[in-house]
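Enquirer: For reference, this is data-v9.cif, and it has mmCIF, N, CA and C atoms.
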data_query
#
loop_
_atom_site.label_atom_id
_atom_site.label_comp_id
_atom_site.auth_asym_id
_atom_site.auth_seq_id
_atom_site.Cartn_x
_atom_site.Cartn_y
_atom_site.Cartn_z
N GLN C 1 43.04 11.08 -72.07
CA GLN C 1 43.19 10.62 -70.70
C GLN C 1 42.81 11.76 -69.74
N VAL C 2 41.83 11.51 -68.91
CA VAL C 2 41.43 12.51 -67.90
C VAL C 2 42.47 12.50 -66.79
N GLN C 3 42.93 13.67 -66.41
CA GLN C 3 43.90 13.78 -65.33
C GLN C 3 43.41 14.77 -64.29
N LEU C 4 43.67 14.46 -63.04
CA LEU C 4 43.34 15.34 -61.92
C LEU C 4 44.63 15.65 -61.19
N VAL C 5 44.89 16.92 -60.97
CA VAL C 5 46.12 17.33 -60.30
C VAL C 5 45.76 18.23 -59.12
N GLU C 6 46.13 17.78 -57.93
CA GLU C 6 45.87 18.54 -56.72
C GLU C 6 47.04 19.46 -56.41
N SER C 7 46.74 20.53 -55.71
CA SER C 7 47.78 21.43 -55.21
C SER C 7 47.25 22.13 -53.97
N GLY C 8 48.15 22.73 -53.23
CA GLY C 8 47.76 23.53 -52.07
C GLY C 8 48.05 22.89 -50.73
N GLY C 9 48.46 21.63 -50.72
CA GLY C 9 48.78 21.00 -49.46
C GLY C 9 49.96 21.68 -48.78
N ASP C 10 49.95 21.65 -47.45
CA ASP C 10 51.02 22.34 -46.71
C ASP C 10 51.03 21.85 -45.27
N SER C 11 52.01 22.30 -44.52
CA SER C 11 52.08 22.05 -43.08
C SER C 11 51.66 23.32 -42.36
N VAL C 12 50.64 23.20 -41.51
CA VAL C 12 50.10 24.38 -40.82
C VAL C 12 49.89 24.06 -39.35
N GLN C 13 49.59 25.11 -38.61
CA GLN C 13 49.26 24.95 -37.19
C GLN C 13 47.75 24.77 -37.04
N ALA C 14 47.37 24.14 -35.96
CA ALA C 14 45.95 23.97 -35.67
C ALA C 14 45.26 25.34 -35.62
N GLY C 15 44.06 25.38 -36.19
CA GLY C 15 43.32 26.62 -36.23
C GLY C 15 43.51 27.43 -37.50
N GLU C 16 44.53 27.09 -38.27
CA GLU C 16 44.78 27.82 -39.51
C GLU C 16 43.91 27.29 -40.65
N SER C 17 44.05 27.94 -41.79
CA SER C 17 43.23 27.58 -42.96
C SER C 17 44.11 27.22 -44.14
N LEU C 18 43.56 26.41 -45.03
CA LEU C 18 44.21 26.06 -46.29
C LEU C 18 43.15 25.91 -47.36
N THR C 19 43.55 26.15 -48.60
CA THR C 19 42.66 25.87 -49.72
C THR C 19 43.37 24.94 -50.69
N LEU C 20 42.73 23.81 -50.95
CA LEU C 20 43.25 22.85 -51.92
C LEU C 20 42.56 23.09 -53.27
N THR C 21 43.30 22.83 -54.32
CA THR C 21 42.78 23.01 -55.68
C THR C 21 42.98 21.73 -56.47
N CYS C 22 42.01 21.39 -57.28
CA CYS C 22 42.10 20.23 -58.18
C CYS C 22 41.80 20.68 -59.59
N ALA C 23 42.79 20.54 -60.44
CA ALA C 23 42.62 20.91 -61.84
C ALA C 23 42.41 19.67 -62.69
N GLN C 24 41.40 19.73 -63.53
CA GLN C 24 41.08 18.59 -64.40
C GLN C 24 41.51 18.92 -65.83
N SER C 25 42.13 17.95 -66.48
CA SER C 25 42.50 18.12 -67.89
C SER C 25 42.15 16.87 -68.66
N GLY C 26 42.20 16.98 -69.99
CA GLY C 26 41.89 15.85 -70.83
C GLY C 26 40.56 16.02 -71.53
N PRO C 27 40.05 14.95 -72.10
CA PRO C 27 38.81 15.05 -72.88
C PRO C 27 37.62 15.41 -72.01
N ALA C 28 36.65 16.05 -72.64
CA ALA C 28 35.43 16.40 -71.93
C ALA C 28 34.63 15.13 -71.65
N LEU C 29 34.00 15.07 -70.49
CA LEU C 29 33.19 13.91 -70.16
C LEU C 29 31.97 14.34 -69.39
N THR C 30 31.01 13.46 -69.29
CA THR C 30 29.83 13.72 -68.48
C THR C 30 30.18 13.43 -67.03
N VAL C 31 30.07 14.45 -66.19
CA VAL C 31 30.49 14.30 -64.81
C VAL C 31 29.29 14.00 -63.92
N TYR C 32 29.41 12.96 -63.13
CA TYR C 32 28.35 12.59 -62.19
C TYR C 32 28.66 13.07 -60.77
N ALA C 33 29.94 13.13 -60.44
CA ALA C 33 30.32 13.56 -59.10
C ALA C 33 31.77 14.02 -59.08
N ARG C 34 32.03 15.03 -58.26
CA ARG C 34 33.40 15.52 -58.05
C ARG C 34 33.58 15.70 -56.55
N GLY C 35 34.79 15.52 -56.11
CA GLY C 35 34.97 15.77 -54.70
C GLY C 35 36.35 15.49 -54.19
N TRP C 36 36.41 15.36 -52.87
CA TRP C 36 37.67 15.15 -52.16
C TRP C 36 37.54 13.99 -51.18
N TYR C 37 38.57 13.19 -51.15
CA TYR C 37 38.74 12.14 -50.16
C TYR C 37 40.06 12.39 -49.46
N ARG C 38 40.26 11.73 -48.34
CA ARG C 38 41.54 11.82 -47.65
C ARG C 38 41.90 10.48 -47.03
N GLN C 39 43.19 10.32 -46.84
CA GLN C 39 43.68 9.09 -46.23
C GLN C 39 44.79 9.44 -45.26
N ALA C 40 44.53 9.19 -44.00
CA ALA C 40 45.54 9.39 -42.97
C ALA C 40 46.42 8.15 -42.90
N SER C 41 47.59 8.32 -42.37
CA SER C 41 48.54 7.21 -42.29
C SER C 41 47.94 6.07 -41.48
N GLY C 42 47.94 4.87 -42.06
CA GLY C 42 47.44 3.71 -41.38
C GLY C 42 45.93 3.57 -41.37
N LYS C 43 45.24 4.46 -42.06
CA LYS C 43 43.77 4.42 -42.09
C LYS C 43 43.26 4.28 -43.52
N GLN C 44 41.99 3.93 -43.62
CA GLN C 44 41.38 3.81 -44.94
C GLN C 44 41.04 5.18 -45.51
N ARG C 45 40.97 5.23 -46.82
CA ARG C 45 40.57 6.47 -47.48
C ARG C 45 39.11 6.76 -47.13
N GLU C 46 38.82 8.03 -46.84
CA GLU C 46 37.48 8.40 -46.45
C GLU C 46 37.00 9.62 -47.22
N LEU C 47 35.69 9.70 -47.36
CA LEU C 47 35.08 10.85 -48.02
C LEU C 47 35.25 12.11 -47.18
N VAL C 48 35.58 13.20 -47.84
CA VAL C 48 35.62 14.51 -47.18
C VAL C 48 34.43 15.34 -47.66
N ALA C 49 34.32 15.51 -48.97
CA ALA C 49 33.24 16.30 -49.54
C ALA C 49 33.01 15.84 -50.97
N LEU C 50 31.74 15.76 -51.35
CA LEU C 50 31.40 15.27 -52.67
C LEU C 50 30.20 16.02 -53.21
N VAL C 51 30.33 16.48 -54.44
CA VAL C 51 29.22 17.14 -55.12
C VAL C 51 28.75 16.23 -56.24
N GLY C 52 27.48 15.86 -56.18
CA GLY C 52 26.93 14.98 -57.19
C GLY C 52 25.55 15.43 -57.62
N THR C 53 24.90 14.57 -58.36
CA THR C 53 23.56 14.92 -58.85
C THR C 53 22.57 15.06 -57.71
N GLY C 54 22.87 14.44 -56.57
CA GLY C 54 21.96 14.52 -55.43
C GLY C 54 22.27 15.64 -54.48
N GLY C 55 23.29 16.43 -54.79
CA GLY C 55 23.64 17.52 -53.91
C GLY C 55 25.06 17.40 -53.39
N THR C 56 25.33 18.06 -52.28
CA THR C 56 26.68 18.09 -51.70
C THR C 56 26.67 17.38 -50.36
N ASN C 57 27.63 16.51 -50.17
CA ASN C 57 27.76 15.79 -48.91
C ASN C 57 29.12 16.06 -48.30
N TYR C 58 29.13 16.23 -46.99
CA TYR C 58 30.36 16.42 -46.24
C TYR C 58 30.46 15.34 -45.16
N ALA C 59 31.68 14.97 -44.87
CA ALA C 59 31.90 14.12 -43.70
C ALA C 59 31.49 14.91 -42.46
N ASP C 60 30.92 14.23 -41.48
CA ASP C 60 30.50 14.92 -40.26
C ASP C 60 31.66 15.64 -39.60
N SER C 61 32.85 15.09 -39.72
CA SER C 61 34.01 15.65 -39.04
C SER C 61 34.47 16.98 -39.65
N VAL C 62 33.99 17.30 -40.85
CA VAL C 62 34.45 18.55 -41.49
C VAL C 62 33.32 19.53 -41.74
N LYS C 63 32.09 19.13 -41.44
CA LYS C 63 30.96 20.04 -41.65
C LYS C 63 31.19 21.34 -40.90
N ASP C 64 30.81 22.43 -41.51
CA ASP C 64 30.93 23.77 -40.95
C ASP C 64 32.37 24.27 -40.92
N ARG C 65 33.32 23.46 -41.34
CA ARG C 65 34.72 23.91 -41.41
C ARG C 65 35.26 23.90 -42.83
N PHE C 66 34.80 22.94 -43.64
CA PHE C 66 35.30 22.79 -45.01
C PHE C 66 34.19 23.16 -45.99
N THR C 67 34.60 23.72 -47.13
CA THR C 67 33.64 24.05 -48.18
C THR C 67 34.22 23.65 -49.53
N ILE C 68 33.44 22.88 -50.28
CA ILE C 68 33.85 22.49 -51.62
C ILE C 68 33.18 23.42 -52.62
N SER C 69 33.95 23.83 -53.62
CA SER C 69 33.43 24.77 -54.62
C SER C 69 34.00 24.43 -55.98
N ARG C 70 33.31 24.89 -57.02
CA ARG C 70 33.81 24.76 -58.37
C ARG C 70 34.11 26.15 -58.89
N VAL C 71 35.29 26.31 -59.45
CA VAL C 71 35.66 27.61 -60.02
C VAL C 71 34.78 27.85 -61.24
N PHE C 72 34.10 28.99 -61.25
CA PHE C 72 33.13 29.30 -62.30
C PHE C 72 33.76 29.21 -63.69
N GLY C 73 33.09 28.46 -64.55
CA GLY C 73 33.54 28.37 -65.94
C GLY C 73 34.73 27.47 -66.17
N SER C 74 35.06 26.65 -65.20
CA SER C 74 36.21 25.75 -65.37
C SER C 74 35.91 24.39 -64.78
N ASN C 75 36.84 23.50 -64.97
CA ASN C 75 36.74 22.17 -64.37
C ASN C 75 37.60 22.06 -63.12
N THR C 76 37.91 23.18 -62.53
CA THR C 76 38.71 23.21 -61.31
C THR C 76 37.80 23.28 -60.09
N ILE C 77 38.09 22.45 -59.09
CA ILE C 77 37.36 22.52 -57.84
C ILE C 77 38.32 22.85 -56.71
N THR C 78 37.79 23.41 -55.66
CA THR C 78 38.59 23.77 -54.51
C THR C 78 37.98 23.19 -53.24
N LEU C 79 38.80 23.10 -52.23
CA LEU C 79 38.34 22.70 -50.91
C LEU C 79 38.93 23.71 -49.93
N GLN C 80 38.06 24.56 -49.42
CA GLN C 80 38.48 25.53 -48.42
C GLN C 80 38.37 24.87 -47.06
N MET C 81 39.46 24.89 -46.33
CA MET C 81 39.51 24.23 -45.03
C MET C 81 39.85 25.27 -43.96
N HIS C 82 38.98 25.38 -42.99
CA HIS C 82 39.17 26.34 -41.90
C HIS C 82 39.24 25.60 -40.57
N SER C 83 39.77 26.29 -39.58
CA SER C 83 39.86 25.72 -38.23
C SER C 83 40.44 24.31 -38.27
N LEU C 84 41.55 24.18 -38.96
CA LEU C 84 42.15 22.86 -39.13
C LEU C 84 42.57 22.26 -37.79
N LYS C 85 42.44 20.94 -37.72
CA LYS C 85 42.77 20.20 -36.51
C LYS C 85 43.85 19.18 -36.84
N PRO C 86 44.60 18.73 -35.85
CA PRO C 86 45.61 17.70 -36.12
C PRO C 86 45.01 16.46 -36.77
N GLU C 87 43.78 16.13 -36.43
CA GLU C 87 43.14 14.95 -37.04
C GLU C 87 42.76 15.15 -38.50
N ASP C 88 42.94 16.34 -39.02
CA ASP C 88 42.75 16.57 -40.45
C ASP C 88 43.99 16.20 -41.26
N THR C 89 45.07 15.87 -40.56
CA THR C 89 46.30 15.48 -41.24
C THR C 89 46.07 14.25 -42.09
N ALA C 90 46.37 14.36 -43.37
CA ALA C 90 46.14 13.25 -44.31
C ALA C 90 46.63 13.66 -45.69
N VAL C 91 46.66 12.68 -46.58
CA VAL C 91 46.83 12.97 -48.00
C VAL C 91 45.43 13.16 -48.57
N TYR C 92 45.23 14.28 -49.23
CA TYR C 92 43.92 14.61 -49.79
C TYR C 92 43.92 14.32 -51.29
N TYR C 93 42.91 13.58 -51.71
CA TYR C 93 42.81 13.15 -53.10
C TYR C 93 41.59 13.77 -53.78
N CYS C 94 41.80 14.22 -54.98
CA CYS C 94 40.70 14.70 -55.80
C CYS C 94 40.06 13.50 -56.50
N TYR C 95 38.76 13.54 -56.65
CA TYR C 95 38.00 12.41 -57.21
C TYR C 95 37.00 12.91 -58.23
N LEU C 96 36.82 12.12 -59.27
CA LEU C 96 35.82 12.43 -60.28
C LEU C 96 35.19 11.14 -60.78
N LYS C 97 33.88 11.14 -60.89
CA LYS C 97 33.16 10.01 -61.48
C LYS C 97 32.41 10.55 -62.68
N GLY C 98 32.64 9.94 -63.81
CA GLY C 98 31.97 10.43 -65.00
C GLY C 98 31.93 9.40 -66.10
N ALA C 99 31.37 9.80 -67.22
CA ALA C 99 31.25 8.90 -68.36
C ALA C 99 31.99 9.49 -69.56
N LEU C 100 32.87 8.66 -70.10
CA LEU C 100 33.63 9.03 -71.29
C LEU C 100 33.32 8.01 -72.35
N TRP C 101 32.83 8.47 -73.50
CA TRP C 101 32.39 7.55 -74.56
C TRP C 101 31.39 6.54 -74.01
N GLN C 102 30.46 7.03 -73.18
CA GLN C 102 29.39 6.23 -72.59
C GLN C 102 29.90 5.16 -71.64
N ARG C 103 31.13 5.26 -71.23
CA ARG C 103 31.68 4.30 -70.29
C ARG C 103 31.94 5.00 -68.97
N GLU C 104 31.30 4.55 -67.91
CA GLU C 104 31.45 5.19 -66.61
C GLU C 104 32.78 4.81 -65.99
N GLN C 105 33.50 5.82 -65.50
CA GLN C 105 34.80 5.56 -64.89
C GLN C 105 35.00 6.47 -63.68
N GLU C 106 35.92 6.08 -62.85
CA GLU C 106 36.33 6.90 -61.72
C GLU C 106 37.78 7.31 -61.90
N TYR C 107 38.06 8.53 -61.50
CA TYR C 107 39.41 9.07 -61.65
C TYR C 107 39.89 9.63 -60.31
N TRP C 108 41.17 9.49 -60.09
CA TRP C 108 41.78 9.99 -58.86
C TRP C 108 43.03 10.78 -59.20
N GLY C 109 43.27 11.82 -58.38
CA GLY C 109 44.54 12.51 -58.47
C GLY C 109 45.57 11.76 -57.64
N ARG C 110 46.79 12.27 -57.64
CA ARG C 110 47.86 11.61 -56.90
C ARG C 110 47.91 12.03 -55.44
N GLY C 111 47.19 13.07 -55.11
CA GLY C 111 47.11 13.48 -53.72
C GLY C 111 48.02 14.64 -53.35
N THR C 112 47.63 15.34 -52.30
CA THR C 112 48.45 16.43 -51.76
C THR C 112 48.41 16.32 -50.25
N GLN C 113 49.56 16.48 -49.63
CA GLN C 113 49.69 16.25 -48.19
C GLN C 113 49.27 17.49 -47.40
N VAL C 114 48.43 17.26 -46.42
CA VAL C 114 48.07 18.30 -45.45
C VAL C 114 48.50 17.81 -44.08
N SER C 115 49.31 18.61 -43.42
CA SER C 115 49.79 18.25 -42.08
C SER C 115 49.42 19.38 -41.12
N VAL C 116 48.75 19.02 -40.04
CA VAL C 116 48.31 20.01 -39.07
C VAL C 116 48.93 19.66 -37.72
N SER C 117 49.69 20.57 -37.16
CA SER C 117 50.34 20.34 -35.88
C SER C 117 49.63 21.13 -34.79
N SER C 118 49.68 20.58 -33.60
CA SER C 118 48.98 21.21 -32.47
C SER C 118 49.86 22.26 -31.81
#
If you convert what's in this file into structure tokens, what do you get?
Expert:
Amino acid sequence: QVQLVESGGDSVQAGESLTLTCAQSGPALTVYARGWYRQASGKQRELVALVGTGGTNYADSVKDRFTISRVFGSNTITLQMHSLKPEDTAVYYCYLKGALWQREQEYWGRGTQVSVSS
């Protein structure tokens, strides 16, 4: 069973920085995309940053402030968030799309809360 576990969420002031981490465990699989989504209260889940075969995509609202990275030699990814704004407040979810035993599946973590106060 592939599992994704997020960590690093916190309550911060506007303008501060946070780094989220997503650790992947379980069987090895062919990965097509990894990334981060977020869901604010009362809103739909939205893409934050995604690394796939076509490159890296960021939501316009986080470009130049957030950076997605993969820890070298591991299946851990991070999301560095700078100049945080109150509108960045949301539950952040780690996402993975891959193939296990030739079956394509999507995986989600349980989420980590980021709260930004003005």
Enquirer: Would you mind listing what lies within 5 Å of stretch 72-87 of chain C as a list in words, with all atoms listed in the file counted and same-chain residues fewer than 6 positions away left out?
Expert: Ala14, Gly15, Glu16, Ser17, Leu18, Thr19, Leu20, Thr21, Cys22, Ala23, Gln24, Arg65, Phe66 and Val116 of chain C
Enquirer: Could you please take those selected residues and save N, CA and C atoms as a compact mmCIF listing (two decimals), keeping the file's coordinate frame?
Expert:
# COMPACT_ATOMS: atom_id res chain seq x y z
N ALA C 14 47.37 24.14 -35.96
CA ALA C 14 45.95 23.97 -35.67
C ALA C 14 45.26 25.34 -35.62
N GLY C 15 44.06 25.38 -36.19
CA GLY C 15 43.32 26.62 -36.23
C GLY C 15 43.51 27.43 -37.50
N GLU C 16 44.53 27.09 -38.27
CA GLU C 16 44.78 27.82 -39.51
C GLU C 16 43.91 27.29 -40.65
N SER C 17 44.05 27.94 -41.79
CA SER C 17 43.23 27.58 -42.96
C SER C 17 44.11 27.22 -44.14
N LEU C 18 43.56 26.41 -45.03
CA LEU C 18 44.21 26.06 -46.29
C LEU C 18 43.15 25.91 -47.36
N THR C 19 43.55 26.15 -48.60
CA THR C 19 42.66 25.87 -49.72
C THR C 19 43.37 24.94 -50.69
N LEU C 20 42.73 23.81 -50.95
CA LEU C 20 43.25 22.85 -51.92
C LEU C 20 42.56 23.09 -53.27
N THR C 21 43.30 22.83 -54.32
CA THR C 21 42.78 23.01 -55.68
C THR C 21 42.98 21.73 -56.47
N CYS C 22 42.01 21.39 -57.28
CA CYS C 22 42.10 20.23 -58.18
C CYS C 22 41.80 20.68 -59.59
N ALA C 23 42.79 20.54 -60.44
CA ALA C 23 42.62 20.91 -61.84
C ALA C 23 42.41 19.67 -62.69
N GLN C 24 41.40 19.73 -63.53
CA GLN C 24 41.08 18.59 -64.40
C GLN C 24 41.51 18.92 -65.83
N ARG C 65 33.32 23.46 -41.34
CA ARG C 65 34.72 23.91 -41.41
C ARG C 65 35.26 23.90 -42.83
N PHE C 66 34.80 22.94 -43.64
CA PHE C 66 35.30 22.79 -45.01
C PHE C 66 34.19 23.16 -45.99
N VAL C 116 48.75 19.02 -40.04
CA VAL C 116 48.31 20.01 -39.07
C VAL C 116 48.93 19.66 -37.72
Enquirer: May I have the residues within 8 Å of stretch 36-40 of chain C as a list in words, using only C-alpha atoms and disregarding those fewer than 5 positions away in the same chain?
Expert: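 My reading of the contact set: Arg45, Glu46, Leu47, Val48, Ala49, Leu50, Leu79, Thr89, Ala90, Val91, Tyr92, Tyr93, Cys94 and Tyr95 of chain C.
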Enquirer: How many Å lie between atom C of C:Ala33 and atom C of C:Gly8, rounded to one decimal?
Expert: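 Between atom C of C:Ala33 and atom C of C:Gly8 the gap is 20.3 Å.
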Enquirer: So how many Å separate atom CA of C:Val51 and atom CA of C:Asp64, to one decimal?
Expert: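 Interatomic distance here is 15.7 Å.
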Enquirer: For C:Ser25, which residue out of C:Gln44, C:Asp88, C:Asp10, C:Gln3 is the nearest one, using all atoms listed in the file?
Expert: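 Residue with the minimum atom-to-atom distance to C:Ser25: C:Gln3.
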